[in-house]
Amino acid sequence: MFYGSQHHIENISNPKGKERFYTVVGYICETDTFANNRRIAEINEGDLLCFRNAGAYCFSMSSNYNSRYKPAEVLWKDGKGILIRERETFEDLLKNQIMLPIEAEALIS
């Protein structure tokens, strides 16, 4: 968004649908807008969208910034989605944390 780059977004559930203009938003760092006023084959609830050039939003660049879960990874091959990594859970975020005792006086002062 900041420097004019674009994510190539495809509706793989309805690839031959009538193209309409969409703004695609999500849960990301600098802005929540992946595409603004972009022509994409008609999107319906439950459709799968493919981001052909994920860039910094791909799994290898992911982190738990702001305690966000890392997403599942799906390999799309020969028209079929294959789960290759499960999405993280709340327990995954906590598993490496070390709990320290906190005394009430330390919280007050």
# chains A, B, ... in the order shown; residues from 1 in each chain; ligands from 1
>>> select_by_dssp(residues="chain A", states="alpha helix (DSSP H)", output="list of chain:residue names")
A:Phe90, A:Glu91, A:Asp92, A:Leu93, A:Leu94, A:Ala104, A:Glu105, A:Ala106, A:Leu107, A:Ile108
>>> select_by_dssp(residues="chain A", states="strand (DSSP E)", output="number ranges by chain")
A: 9-11, 19-25, 33-41, 49-51, 73-77, 80-85
>>> residues_around(residues="Tyr22 in chain A", least_positions_apart="5", cutoff="9 Å", atoms="only C-alpha atoms", output="list in words")
Ala35, Asn36, Asn37, Arg38, Arg39, Ile40, Glu42 and Ile43 of chain A
>>> residues_around(residues="Leu93 in chain A", least_positions_apart="2", cutoff="10 Å", atoms="only C-alpha atoms", output="count of residues only")
12
>>> atom_distance(atom1="CA of Asn14 in chain A", atom2="CA of Gly79 in chain A")
12.2 Å
>>> residues_around(residues="Ile84 in chain A", least_positions_apart="2", cutoff="12 Å", atoms="only C-alpha atoms", output="list of chain:residue names")
A:Phe59, A:Pro71, A:Ala72, A:Glu73, A:Val74, A:Leu75, A:Trp76, A:Lys77, A:Gly81, A:Ile82, A:Glu86, A:Arg87
>>> atom_distance(atom1="CA of Asn44 in chain A", atom2="CA of Arg85 in chain A")
25.8 Å
>>> residues_around(residues="Leu48 in chain A", least_positions_apart="4", cutoff="8 Å", atoms="only C-alpha atoms", output="list in words")
Asn11, Ile12 and Ser13 of chain A
